[in-house]
Structures are given as C-alpha cells and as structure tokens.
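Below: data_13.pdb (PDB, C-alpha atoms)
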ATOM      1  CA  MET G  50      44.765 -53.800 -11.800
ATOM      2  CA  ILE G  51      42.048 -52.912  -9.267
ATOM      3  CA  GLU G  52      44.757 -51.596  -6.953
ATOM      4  CA  LEU G  53      46.158 -49.442  -9.745
ATOM      5  CA  ILE G  54      42.733 -47.923 -10.463
ATOM      6  CA  LEU G  55      41.958 -47.289  -6.779
ATOM      7  CA  GLY G  56      45.317 -45.608  -6.258
ATOM      8  CA  LYS G  57      45.262 -43.431  -9.340
ATOM      9  CA  TYR G  58      41.656 -42.678 -10.394
ATOM     10  CA  ASN G  59      41.761 -39.269  -8.681
ATOM     11  CA  TYR G  60      44.649 -38.218 -10.908
ATOM     12  CA  TRP G  61      42.785 -39.411 -13.987
ATOM     13  CA  ILE G  62      39.727 -37.298 -13.138
ATOM     14  CA  TYR G  63      42.003 -34.263 -12.713
ATOM     15  CA  ILE G  64      43.549 -34.984 -16.115
ATOM     16  CA  THR G  65      40.044 -35.139 -17.618
ATOM     17  CA  LEU G  66      39.313 -31.669 -16.190
ATOM     18  CA  MET G  67      42.599 -30.312 -17.546
ATOM     19  CA  MET G  68      41.832 -31.658 -21.003
ATOM     20  CA  ILE G  69      38.330 -30.089 -21.026
ATOM     21  CA  GLY G  70      39.937 -26.684 -20.434
ATOM     22  CA  PHE G  71      42.730 -27.406 -22.914
ATOM     23  CA  TYR G  72      40.227 -28.331 -25.624
ATOM     24  CA  ALA G  73      38.414 -24.997 -25.142
ATOM     25  CA  MET G  74      41.715 -23.135 -25.417
ATOM     26  CA  ILE G  75      42.585 -24.853 -28.691
ATOM     27  CA  SER G  76      39.295 -25.183 -30.538
ATOM     28  CA  LYS G  77      36.876 -22.475 -29.370
ATOM     29  CA  ASN G  78      36.472 -19.452 -31.573
ATOM     30  CA  ASN G  79      35.305 -17.011 -28.919
ATOM     31  CA  LEU G  80      38.158 -15.357 -27.005
ATOM     32  CA  ILE G  81      36.232 -15.256 -23.699
ATOM     33  CA  LYS G  82      35.507 -18.995 -24.028
ATOM     34  CA  LYS G  83      39.230 -19.555 -24.453
ATOM     35  CA  ILE G  84      39.929 -17.725 -21.182
ATOM     36  CA  ILE G  85      37.187 -19.735 -19.414
ATOM     37  CA  GLY G  86      38.956 -22.851 -20.685
ATOM     38  CA  MET G  87      42.266 -21.512 -19.397
ATOM     39  CA  ASN G  88      40.706 -20.998 -15.948
ATOM     40  CA  ILE G  89      39.350 -24.563 -15.882
ATOM     41  CA  PHE G  90      42.775 -25.868 -16.918
ATOM     42  CA  GLN G  91      44.588 -23.809 -14.258
ATOM     43  CA  THR G  92      42.252 -24.812 -11.448
ATOM     44  CA  ALA G  93      42.545 -28.495 -12.411
ATOM     45  CA  VAL G  94      46.348 -28.216 -12.257
ATOM     46  CA  PHE G  95      46.031 -26.653  -8.788
ATOM     47  CA  LEU G  96      43.818 -29.560  -7.713
ATOM     48  CA  PHE G  97      46.413 -32.027  -8.997
ATOM     49  CA  TYR G  98      49.138 -30.232  -7.061
ATOM     50  CA  ILE G  99      47.132 -30.004  -3.817
ATOM     51  CA  SER G 100      46.282 -33.706  -3.979
ATOM     52  CA  ILE G 101      49.995 -34.572  -4.078
ATOM     53  CA  GLY G 102      50.271 -33.066  -0.578
ATOM     54  CA  LYS G 103      47.361 -35.162   0.721
ATOM     55  CA  VAL G 104      48.338 -37.630   3.470
ATOM     56  CA  SER G 105      45.830 -40.271   4.516
ATOM     57  CA  GLY G 106      44.716 -39.645   8.106
ATOM     58  CA  GLY G 107      46.220 -36.164   8.070
ATOM     59  CA  THR G 108      44.660 -32.993   9.525
ATOM     60  CA  ALA G 109      44.874 -29.428   8.245
ATOM     61  CA  PRO G 110      48.417 -28.069   8.760
ATOM     62  CA  ILE G 111      47.600 -26.059  11.886
ATOM     63  CA  VAL G 112      49.352 -27.078  15.106
ATOM     64  CA  TRP G 113      46.949 -29.135  17.210
ATOM     65  CA  ASP G 114      47.566 -31.541  20.118
ATOM     66  CA  GLY G 115      45.239 -34.208  18.752
ATOM     67  CA  ALA G 116      46.916 -34.415  15.364
ATOM     68  CA  VAL G 117      48.519 -37.701  14.366
ATOM     69  CA  ARG G 118      49.759 -36.487  10.996
ATOM     70  CA  TYR G 119      49.573 -33.196   9.147
ATOM     71  CA  GLU G 120      48.955 -32.627   5.473
ATOM     72  CA  ASN G 121      51.953 -31.416   3.531
ATOM     73  CA  PRO G 122      51.778 -27.583   3.859
ATOM     74  CA  LEU G 123      54.183 -26.843   1.009
ATOM     75  CA  PRO G 124      51.826 -27.452  -1.965
ATOM     76  CA  HIS G 125      49.207 -25.313  -0.196
ATOM     77  CA  VAL G 126      51.611 -22.361   0.002
ATOM     78  CA  LEU G 127      52.690 -22.662  -3.626
ATOM     79  CA  ILE G 128      49.123 -22.932  -4.884
ATOM     80  CA  LEU G 129      47.980 -19.921  -2.812
ATOM     81  CA  THR G 130      50.528 -17.886  -4.777
ATOM     82  CA  ALA G 131      49.495 -19.547  -8.040
ATOM     83  CA  ILE G 132      45.785 -18.729  -7.562
ATOM     84  CA  VAL G 133      46.558 -15.026  -7.205
ATOM     85  CA  VAL G 134      48.861 -15.096 -10.238
ATOM     86  CA  SER G 135      46.156 -16.855 -12.260
ATOM     87  CA  VAL G 136      43.661 -14.115 -11.425
ATOM     88  CA  SER G 137      46.219 -11.505 -12.525
ATOM     89  CA  THR G 138      46.718 -13.200 -15.890
ATOM     90  CA  THR G 139      42.936 -13.508 -16.300
ATOM     91  CA  ALA G 140      42.490  -9.786 -15.620
ATOM     92  CA  VAL G 141      45.115  -8.805 -18.212
ATOM     93  CA  ALA G 142      43.578 -11.242 -20.719
ATOM     94  CA  PHE G 143      40.139  -9.654 -20.299
ATOM     95  CA  ALA G 144      41.608  -6.167 -20.683
ATOM     96  CA  LEU G 145      43.213  -7.305 -23.942
ATOM     97  CA  ILE G 146      39.908  -8.811 -25.115
ATOM     98  CA  ILE G 147      38.014  -5.569 -24.372
ATOM     99  CA  ARG G 148      40.684  -3.683 -26.312
ATOM    100  CA  ILE G 149      40.434  -6.127 -29.250
ATOM    101  CA  ASN G 150      36.654  -5.701 -29.223
ATOM    102  CA  ARG G 151      37.077  -1.913 -29.437
ATOM    103  CA  ALA G 152      39.394  -2.204 -32.407
ATOM    104  CA  TYR G 153      37.647  -4.967 -34.375
ATOM    105  CA  GLY G 154      34.062  -4.946 -33.102
ATOM    106  CA  THR G 155      34.141  -8.694 -32.514
ATOM    107  CA  ILE G 156      35.748 -11.254 -30.229
ATOM    108  CA  GLU G 157      35.469 -14.219 -32.575
ATOM    109  CA  GLU G 158      38.891 -15.350 -33.702
ATOM    110  CA  ASP G 159      37.880 -16.210 -37.280
ATOM    111  CA  ARG G 160      36.315 -12.783 -37.862
ATOM    112  CA  ILE G 161      39.418 -11.026 -36.510
ATOM    113  CA  LEU G 162      41.675 -13.033 -38.825
ATOM    114  CA  GLU G 163      39.348 -12.250 -41.736
ATOM    115  CA  ILE G 164      39.461  -8.501 -41.009
ATOM    116  CA  ASN G 165      43.250  -8.702 -40.799
ATOM    117  CA  ARG G 166      43.394 -10.487 -44.158
ATOM    118  CA  GLN G 167      41.321  -7.729 -45.756
ATOM    119  CA  GLY G 168      43.720  -5.183 -44.314
ATOM    120  CA  THR G 169      41.089  -2.996 -42.685
ATOM    121  CA  GLY G 170      41.938  -3.810 -39.065
ATOM    122  CA  GLU G 171      44.348  -1.927 -36.904
TER     123      GLU G 171
ATOM    124  CA  MET U 934      31.854 -41.358  -1.897
ATOM    125  CA  ILE U 935      31.079 -37.651  -1.429
ATOM    126  CA  ASP U 936      34.474 -36.901  -2.947
ATOM    127  CA  LEU U 937      33.612 -38.865  -6.063
ATOM    128  CA  VAL U 938      30.261 -37.076  -6.375
ATOM    129  CA  MET U 939      31.989 -33.699  -6.182
ATOM    130  CA  LEU U 940      34.623 -34.651  -8.737
ATOM    131  CA  PHE U 941      31.794 -35.773 -11.021
ATOM    132  CA  LEU U 942      30.031 -32.408 -10.498
ATOM    133  CA  LEU U 943      33.286 -30.634 -11.386
ATOM    134  CA  VAL U 944      33.519 -32.503 -14.687
ATOM    135  CA  VAL U 945      29.854 -31.731 -15.465
ATOM    136  CA  CYS U 946      30.268 -28.012 -14.651
ATOM    137  CA  ALA U 947      33.395 -27.773 -16.792
ATOM    138  CA  LEU U 948      31.800 -29.562 -19.756
ATOM    139  CA  VAL U 949      28.623 -27.471 -19.681
ATOM    140  CA  ALA U 950      30.561 -24.208 -19.178
ATOM    141  CA  ILE U 951      32.531 -25.019 -22.320
ATOM    142  CA  HIS U 952      29.502 -26.159 -24.276
ATOM    143  CA  ILE U 953      26.735 -23.546 -23.818
ATOM    144  CA  LYS U 954      26.561 -20.547 -26.132
ATOM    145  CA  ASP U 955      25.484 -17.953 -23.545
ATOM    146  CA  LEU U 956      28.698 -16.516 -22.082
ATOM    147  CA  LEU U 957      26.937 -15.215 -18.958
ATOM    148  CA  GLY U 958      25.762 -18.764 -18.265
ATOM    149  CA  SER U 959      29.340 -19.919 -18.763
ATOM    150  CA  ALA U 960      30.488 -17.342 -16.211
ATOM    151  CA  VAL U 961      28.014 -18.573 -13.597
ATOM    152  CA  LEU U 962      29.003 -22.196 -14.239
ATOM    153  CA  LEU U 963      32.681 -21.299 -13.911
ATOM    154  CA  SER U 964      31.855 -19.673 -10.573
ATOM    155  CA  ALA U 965      30.046 -22.855  -9.459
ATOM    156  CA  TYR U 966      33.054 -24.893 -10.643
ATOM    157  CA  SER U 967      35.346 -22.749  -8.468
ATOM    158  CA  LEU U 968      33.073 -23.081  -5.430
ATOM    159  CA  ILE U 969      32.861 -26.876  -5.769
ATOM    160  CA  MET U 970      36.628 -26.850  -6.150
ATOM    161  CA  ALA U 971      36.862 -24.946  -2.850
ATOM    162  CA  VAL U 972      34.767 -27.673  -1.179
ATOM    163  CA  VAL U 973      37.010 -30.384  -2.675
ATOM    164  CA  TRP U 974      40.054 -28.582  -1.258
ATOM    165  CA  THR U 975      38.414 -28.371   2.151
ATOM    166  CA  ARG U 976      37.951 -32.149   1.938
ATOM    167  CA  LEU U 977      41.668 -32.420   1.137
ATOM    168  CA  ASN U 978      42.314 -30.319   4.308
ATOM    169  CA  ALA U 979      43.783 -27.444   2.291
ATOM    170  CA  VAL U 980      41.688 -24.869   4.168
ATOM    171  CA  ASP U 981      43.756 -21.787   3.314
ATOM    172  CA  VAL U 982      43.699 -22.626  -0.371
ATOM    173  CA  ALA U 983      39.965 -23.336  -0.203
ATOM    174  CA  PHE U 984      38.966 -19.919   1.107
ATOM    175  CA  THR U 985      41.338 -18.175  -1.272
ATOM    176  CA  GLU U 986      39.685 -20.018  -4.151
ATOM    177  CA  ALA U 987      36.191 -19.256  -2.832
ATOM    178  CA  SER U 988      36.926 -15.529  -2.630
ATOM    179  CA  VAL U 989      39.395 -14.976  -5.456
ATOM    180  CA  GLY U 990      38.489 -17.770  -7.888
ATOM    181  CA  ALA U 991      34.725 -17.824  -7.467
ATOM    182  CA  GLY U 992      34.438 -14.122  -6.566
ATOM    183  CA  ILE U 993      36.914 -11.869  -8.354
ATOM    184  CA  THR U 994      37.262 -13.994 -11.502
ATOM    185  CA  THR U 995      33.468 -14.005 -11.938
ATOM    186  CA  VAL U 996      33.304 -10.226 -11.499
ATOM    187  CA  LEU U 997      36.074  -9.755 -14.080
ATOM    188  CA  LEU U 998      34.357 -12.172 -16.435
ATOM    189  CA  ILE U 999      30.987 -10.421 -16.178
ATOM    190  CA  ALA U1000      32.677  -7.037 -16.636
ATOM    191  CA  ALA U1001      34.384  -8.322 -19.793
ATOM    192  CA  ILE U1002      31.138  -9.799 -21.159
ATOM    193  CA  SER U1003      29.224  -6.564 -20.492
ATOM    194  CA  ARG U1004      31.809  -4.651 -22.553
ATOM    195  CA  THR U1005      31.981  -7.095 -25.444
ATOM    196  CA  ALA U1006      29.311  -9.564 -26.583
ATOM    197  CA  ARG U1007      27.138 -11.923 -24.573
ATOM    198  CA  GLY U1008      26.712 -14.706 -27.097
ATOM    199  CA  GLU U1009      29.185 -17.001 -28.758
ATOM    200  CA  GLU U1010      28.540 -16.393 -32.451
ATOM    201  CA  LEU U1011      30.606 -18.905 -34.339
ATOM    202  CA  MET U1012      30.864 -22.620 -33.752
ATOM    203  CA  PRO U1013      34.389 -23.990 -33.926
ATOM    204  CA  ARG U1014      34.959 -25.163 -37.465
ATOM    205  CA  ALA U1015      35.504 -28.817 -38.284
ATOM    206  CA  ARG U1016      39.143 -28.213 -39.143
ATOM    207  CA  HIS U1017      39.662 -26.826 -35.626
ATOM    208  CA  VAL U1018      37.718 -29.520 -33.776
ATOM    209  CA  LEU U1019      39.580 -32.576 -35.036
ATOM    210  CA  PRO U1020      43.143 -31.344 -34.324
ATOM    211  CA  GLY U1021      41.887 -30.212 -30.907
ATOM    212  CA  PHE U1022      40.602 -33.688 -30.116
ATOM    213  CA  VAL U1023      43.779 -35.355 -31.342
ATOM    214  CA  ILE U1024      45.942 -33.027 -29.251
ATOM    215  CA  ILE U1025      43.964 -33.525 -26.025
ATOM    216  CA  VAL U1026      43.794 -37.314 -26.471
ATOM    217  CA  VAL U1027      47.567 -37.528 -26.984
ATOM    218  CA  THR U1028      48.255 -35.155 -24.078
ATOM    219  CA  ALA U1029      45.890 -37.076 -21.795
ATOM    220  CA  ALA U1030      47.519 -40.387 -22.751
ATOM    221  CA  VAL U1031      50.980 -39.018 -21.951
ATOM    222  CA  LEU U1032      49.806 -37.560 -18.615
ATOM    223  CA  ILE U1033      48.050 -40.800 -17.599
ATOM    224  CA  TRP U1034      51.168 -42.760 -18.562
ATOM    225  CA  GLY U1035      53.051 -40.364 -16.274
ATOM    226  CA  THR U1036      50.726 -41.027 -13.322
ATOM    227  CA  LEU U1037      51.514 -44.760 -13.476
ATOM    228  CA  ASP U1038      54.911 -44.039 -11.923
ATOM    229  CA  MET U1039      53.493 -41.670  -9.298
ATOM    230  CA  PRO U1040      52.879 -42.725  -5.690
ATOM    231  CA  ASP U1041      49.246 -43.589  -4.926
ATOM    232  CA  PHE U1042      46.800 -40.874  -3.894
ATOM    233  CA  ALA U1043      47.236 -39.893  -0.183
ATOM    234  CA  ASP U1044      50.307 -42.120   0.283
ATOM    235  CA  PRO U1045      52.041 -40.901   3.508
ATOM    236  CA  ASN U1046      55.391 -42.240   2.273
ATOM    237  CA  ALA U1047      55.309 -40.394  -1.042
ATOM    238  CA  PRO U1048      58.646 -38.653  -1.719
ATOM    239  CA  ALA U1049      56.889 -35.266  -1.851
ATOM    240  CA  ASN U1050      55.874 -35.665   1.802
ATOM    241  CA  LEU U1051      59.241 -36.867   3.110
ATOM    242  CA  HIS U1052      61.722 -34.244   2.060
ATOM    243  CA  VAL U1053      61.170 -30.529   2.883
ATOM    244  CA  ALA U1054      57.728 -30.610   4.459
ATOM    245  CA  PRO U1055      58.654 -32.390   7.754
ATOM    246  CA  ARG U1056      61.084 -29.564   8.518
ATOM    247  CA  TYR U1057      58.251 -27.026   8.328
ATOM    248  CA  ILE U1058      55.808 -29.269  10.201
ATOM    249  CA  GLU U1059      58.202 -29.860  13.104
ATOM    250  CA  HIS U1060      59.873 -26.462  13.504
ATOM    251  CA  SER U1061      57.735 -23.698  11.987
ATOM    252  CA  ALA U1062      55.639 -23.098  15.132
ATOM    253  CA  GLU U1063      58.631 -22.592  17.448
ATOM    254  CA  GLU U1064      60.682 -20.678  14.879
ATOM    255  CA  THR U1065      58.026 -18.207  13.746
ATOM    256  CA  GLY U1066      55.436 -18.308  16.550
ATOM    257  CA  VAL U1067      52.647 -18.897  14.032
ATOM    258  CA  ILE U1068      50.646 -22.094  14.544
ATOM    259  CA  ASN U1069      49.275 -22.157  11.021
ATOM    260  CA  MET U1070      52.101 -23.722   9.013
ATOM    261  CA  VAL U1071      50.827 -22.412   5.691
ATOM    262  CA  THR U1072      50.886 -18.835   6.988
ATOM    263  CA  ALA U1073      54.319 -19.387   8.542
ATOM    264  CA  VAL U1074      55.815 -20.634   5.277
ATOM    265  CA  LEU U1075      54.022 -18.044   3.140
ATOM    266  CA  ALA U1076      54.875 -14.958   5.185
ATOM    267  CA  SER U1077      58.146 -15.963   6.806
ATOM    268  CA  TYR U1078      60.203 -18.673   5.107
ATOM    269  CA  ARG U1079      59.068 -17.786   1.614
ATOM    270  CA  GLY U1080      58.420 -14.085   2.242
ATOM    271  CA  TYR U1081      60.289 -13.073  -0.913
ATOM    272  CA  ASP U1082      57.942 -15.278  -2.891
ATOM    273  CA  THR U1083      54.994 -13.328  -1.533
ATOM    274  CA  LEU U1084      56.771 -10.068  -2.362
ATOM    275  CA  GLY U1085      57.144 -11.352  -5.921
ATOM    276  CA  GLU U1086      53.448 -12.210  -5.936
ATOM    277  CA  THR U1087      52.472  -8.661  -4.995
ATOM    278  CA  THR U1088      54.761  -7.433  -7.785
ATOM    279  CA  VAL U1089      52.820  -9.634 -10.215
ATOM    280  CA  ILE U1090      49.498  -8.172  -9.025
ATOM    281  CA  PHE U1091      50.886  -4.641  -9.316
ATOM    282  CA  THR U1092      52.140  -5.309 -12.832
ATOM    283  CA  ALA U1093      48.801  -6.849 -13.830
ATOM    284  CA  GLY U1094      46.892  -3.853 -12.431
ATOM    285  CA  LEU U1095      49.213  -1.491 -14.286
ATOM    286  CA  GLY U1096      48.733  -3.465 -17.495
ATOM    287  CA  VAL U1097      44.947  -3.391 -17.209
ATOM    288  CA  ILE U1098      44.910   0.374 -16.603
ATOM    289  CA  LEU U1099      47.260   1.061 -19.523
ATOM    290  CA  LEU U1100      45.224  -1.158 -21.857
ATOM    291  CA  LEU U1101      41.822   0.266 -20.962
ATOM    292  CA  ARG U1102      42.475   3.982 -20.504
ATOM    293  CA  GLY U1103      42.183   6.485 -23.268
ATOM    294  CA  ARG U1104      39.437   7.621 -25.604
ATOM    295  CA  LYS U1105      36.745   5.218 -26.639
ATOM    296  CA  ARG U1106      36.761   4.372 -30.303
TER     297      ARG U1106
END

The structure in this file should be written as structure tokens.
Amino acid sequence: MIELILGKYNYWIYITLMMIGFYAMISKNNLIKKIIGMNIFQTAVFLFYISIGKVSGGTAPIVWDGAVRYENPLPHVLILTAIVVSVSTTAVAFALIIRINRAYGTIEEDRILEINRQGTGE
Amino acid sequence: MIDLVMLFLLVVCALVAIHIKDLLGSAVLLSAYSLIMAVVWTRLNAVDVAFTEASVGAGITTVLLIAAISRTARGEELMPRARHVLPGFVIIVVTAAVLIWGTLDMPDFADPNAPANLHVAPRYIEHSAEETGVINMVTAVLASYRGYDTLGETTVIFTAGLGVILLLRGRKR
C-alpha cells in the first residue's frame, strides 16, 4: 500500500489539478473563468505527460559526456507543440468572448441565455 | 521535498484562481501557476518545455487574458447556481475516480523501465546527435525528425491569428 502511494502520488496530484480546471469549465458562469479553468486543465495534462518521460537519475536530453541516463525527449517535443496550440486556442476563445461582450453586453452565461430566451439578442 | 512543496503551491494557486471574484487577480494567479509549473518542469529536466511555458504560458497567455478583461468586465457577477454546482462536483468526482483507477496500472513515477521509455526514445537518444548534428535531442526531434509536425503547428498559429483578426475587426457596436 505504501509502495503504491509512493509510486503514484504524483499522478494523483496532477489529477487533482486537472479536476480543479474541469470544475471551473463546467460550473462557472463567467466565460473568462471558464477559459482560466481550461488553461489550468491543459497545463495539468502537460505536466502529466512530461512526468511520464521522467527517468530516475536522468539528465536533461542534451548530449553530455557525464550523463548516465537521459530523460525521454519525446514527451518534451510533443508538449512543446501542445503549449503553442493551447495558446492559440486561448487567443481565439478570448476573441470570441470579446465579440460576445459586444453583442450582449455581458459575459455571464446565464444572462446571455436569458437574453436569447427573450429574443432580443443577436 | 521541494517538489512536493511546489505541487502543493500549484494546487493552491489553481484553487484560489478559480475561487476569487476579481478576474484580474485570477489572471495574476494563473500567471504564477504557469511560472511554478515552469519550475516543476525544470525539476523534471524538461528545460525546453520549461522556458516555453515561462514565456508563452506565463507571458503571452497573461497578456491575452488582461487584454480580454480590459475589453469586457473585471468582476465575476454571478455565482454558479446550485443546480450547476452539484452536477459539476459529481462529474469531477467520477472523472477523478476513473483517472485514478487508470493510474493503478501505470508504471511508477520515474521508472526507467516504463514502456514509454523503452520503445522510440532510445533511437533518438542514441542516434539524433550524429544524424542531425544537433546535441539537444529535443531540438533535433522537433526541427528535423518531426519537422512536418512543427509546420503543422505554425499553420495552427496562423489560423488562430487569422481567426482573431476576423472576429475582432469591423465597426464597434
């Protein structure tokens, strides 16, 4: 049992972080808060992925004579791409939110739905 | 020990960023979260990822966030309603349980004999320096072996930039 916890507690902390972001995406009313939650979720997933490439006793994957073992470089490459893609999605999301704010005058989800129900929104 | 402290700080930053009503405060906390994340990645020896996160995650995302807040509203007006909170909690508890159940079959943290470290990676570690002449394996894989991937990435950025311009141009209403 102790062995199980010592081997896996890192993963469980990452899952906690993911769920904090996920909760904000589901339950928060404010659209910007939802995107903040999405960012927390994304970054936690990246952390999970990077930690899979961790090798105990490894050094950074740069050729060096004193290295015994290197970390796995492949997750690093994939996550570098993913970070840039996540910023792109965030930028488009904010542009959409600014546009929604222009049309409705609010960024609270409930208000937007209410305006839509009354049929006065765009 | 220091790793545990930083993971704890990450959880605190995330919780407070979600909780407080002032969106600008949330933005600053998200920036701090990204910076601590960069330190955690440095501890995991993912140096290239760490400085990308420090510049792009903590830098550009914060700028975008502040720009969005300055054009909309600074405060969060409505609390999530009770009928949103409970389903949210149920969903995250179930998802977390499934994910934790999944980790039970995973190799331990930092296990050198994990399948993920035995298959493709040794090929890059052993041959990338002589084949590409670049001693940083991450750069070698990113720009040489998976160059098309990086081309696709720039296409994504281009598309995102195009989308932002098309959404935001035009007369103000």

message = Measuring between all atoms listed in the file, which one of G:Glu158, G:Gln167, G:Leu127, G:Trp61 shows the shortest distance to Phe95 of chain G?
response = G:Leu127

query = Do you have the atom CA of Asn59 of chain G-atom CA of Val944 of chain U distance handy?
reply =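 Separating atom CA of Asn59 of chain G from atom CA of Val944 of chain U is a distance of 12.2 Å.
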
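Residues of chain G having any atom within 6 Å of chain U, counting all atoms listed in the file, are Gly56, Lys57, Met68, Tyr72, Ile75, Ser76, Lys77, Asn78, Lys103, Val104, Ser105, Ala109, Pro110, Ile111, Val112, Asn121, Pro122, Val126, Leu129, Ser137, Val141, Phe143 and Ala144 of chain G.
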
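Proximity to Ala73 of chain G at 8 Å, evaluated using all atoms listed in the file and with sequence-adjacent residues fewer than 6 positions away removed, yields Lys82, Lys83, Ile85, Gly86 and Met87 of chain G; Ile951 of chain U.
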
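Between atom CA of Ser988 of chain U and atom CA of Tyr58 of chain G there is a distance of 28.6 Å.
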
Hits of the PyMOL selection byres ((chain G and resi 154) around 12) in this structure, as an mmCIF file with C-alpha atoms, in the frame of the given file:
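Heads up, here's the output in out.cif:
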data_model
loop_
_atom_site.group_PDB
_atom_site.id
_atom_site.type_symbol
_atom_site.label_atom_id
_atom_site.label_comp_id
_atom_site.auth_asym_id
_atom_site.auth_seq_id
_atom_site.Cartn_x
_atom_site.Cartn_y
_atom_site.Cartn_z
ATOM 1 C CA ILE G 146 39.908 -8.811 -25.115
ATOM 2 C CA ILE G 147 38.014 -5.569 -24.372
ATOM 3 C CA ARG G 148 40.684 -3.683 -26.312
ATOM 4 C CA ILE G 149 40.434 -6.127 -29.250
ATOM 5 C CA ASN G 150 36.654 -5.701 -29.223
ATOM 6 C CA ARG G 151 37.077 -1.913 -29.437
ATOM 7 C CA ALA G 152 39.394 -2.204 -32.407
ATOM 8 C CA TYR G 153 37.647 -4.967 -34.375
ATOM 9 C CA THR G 155 34.141 -8.694 -32.514
ATOM 10 C CA ILE G 156 35.748 -11.254 -30.229
ATOM 11 C CA GLU G 157 35.469 -14.219 -32.575
ATOM 12 C CA GLU G 158 38.891 -15.350 -33.702
ATOM 13 C CA ARG G 160 36.315 -12.783 -37.862
ATOM 14 C CA ILE G 161 39.418 -11.026 -36.510
ATOM 15 C CA ILE G 164 39.461 -8.501 -41.009
ATOM 16 C CA GLY G 170 41.938 -3.810 -39.065
ATOM 17 C CA GLU G 171 44.348 -1.927 -36.904
ATOM 18 C CA ARG U 1004 31.809 -4.651 -22.553
ATOM 19 C CA THR U 1005 31.981 -7.095 -25.444
ATOM 20 C CA ALA U 1006 29.311 -9.564 -26.583
ATOM 21 C CA ARG U 1106 36.761 4.372 -30.303
#

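Atom CA of Ile128 of chain G to atom CA of Val938 of chain U spans 23.6 Å [interatomic distance, one decimal].
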
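Selection result for the displayed file, with the PyMOL selection byres ((chain G and resi 66) around 8) as criterion, is G:Ile62, G:Tyr63, G:Ile64, G:Thr65, G:Met67, G:Met68, G:Ile69, G:Gly70, G:Ile89, G:Phe90, G:Ala93, U:Leu943, U:Val944, U:Ala947.
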
Taking all atoms of segment 999-1007 of chain U that appear in the file, build a box with edges along x, y and z, extend it by 6 Å on every side, and state its centre and edge lengths in Å to one decimal, as lines of an AutoDock Vina configuration file.
center_x = 30.8
center_y = -8.3
center_z = -21.4
size_x = 19.2
size_y = 19.3
size_z = 22.4

ask   = Within 8 Å of Arg118 of chain G, counting all atoms listed in the file, which residues qualify if same-chain residues fewer than 3 places away don't, as a ChimeraX atom specification?
value = /G:104,106-108

inquiry  = My list of candidates is U:Val1027, U:Ala991, U:Leu1084, U:Ala965. Which is closest to Val136 of chain G when distances are computed with only C-alpha atoms?
reply    =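 The shortest atom-to-atom distance to Val136 of chain G comes from U:Ala991.
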
task = Have a look at U:Arg1056, U:Ile969, U:Val1031, U:Leu942 and name the one nearest to Leu123 of chain G; count only C-alpha atoms.
result =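 So, comparing all the options, the nearest one is U:Arg1056.
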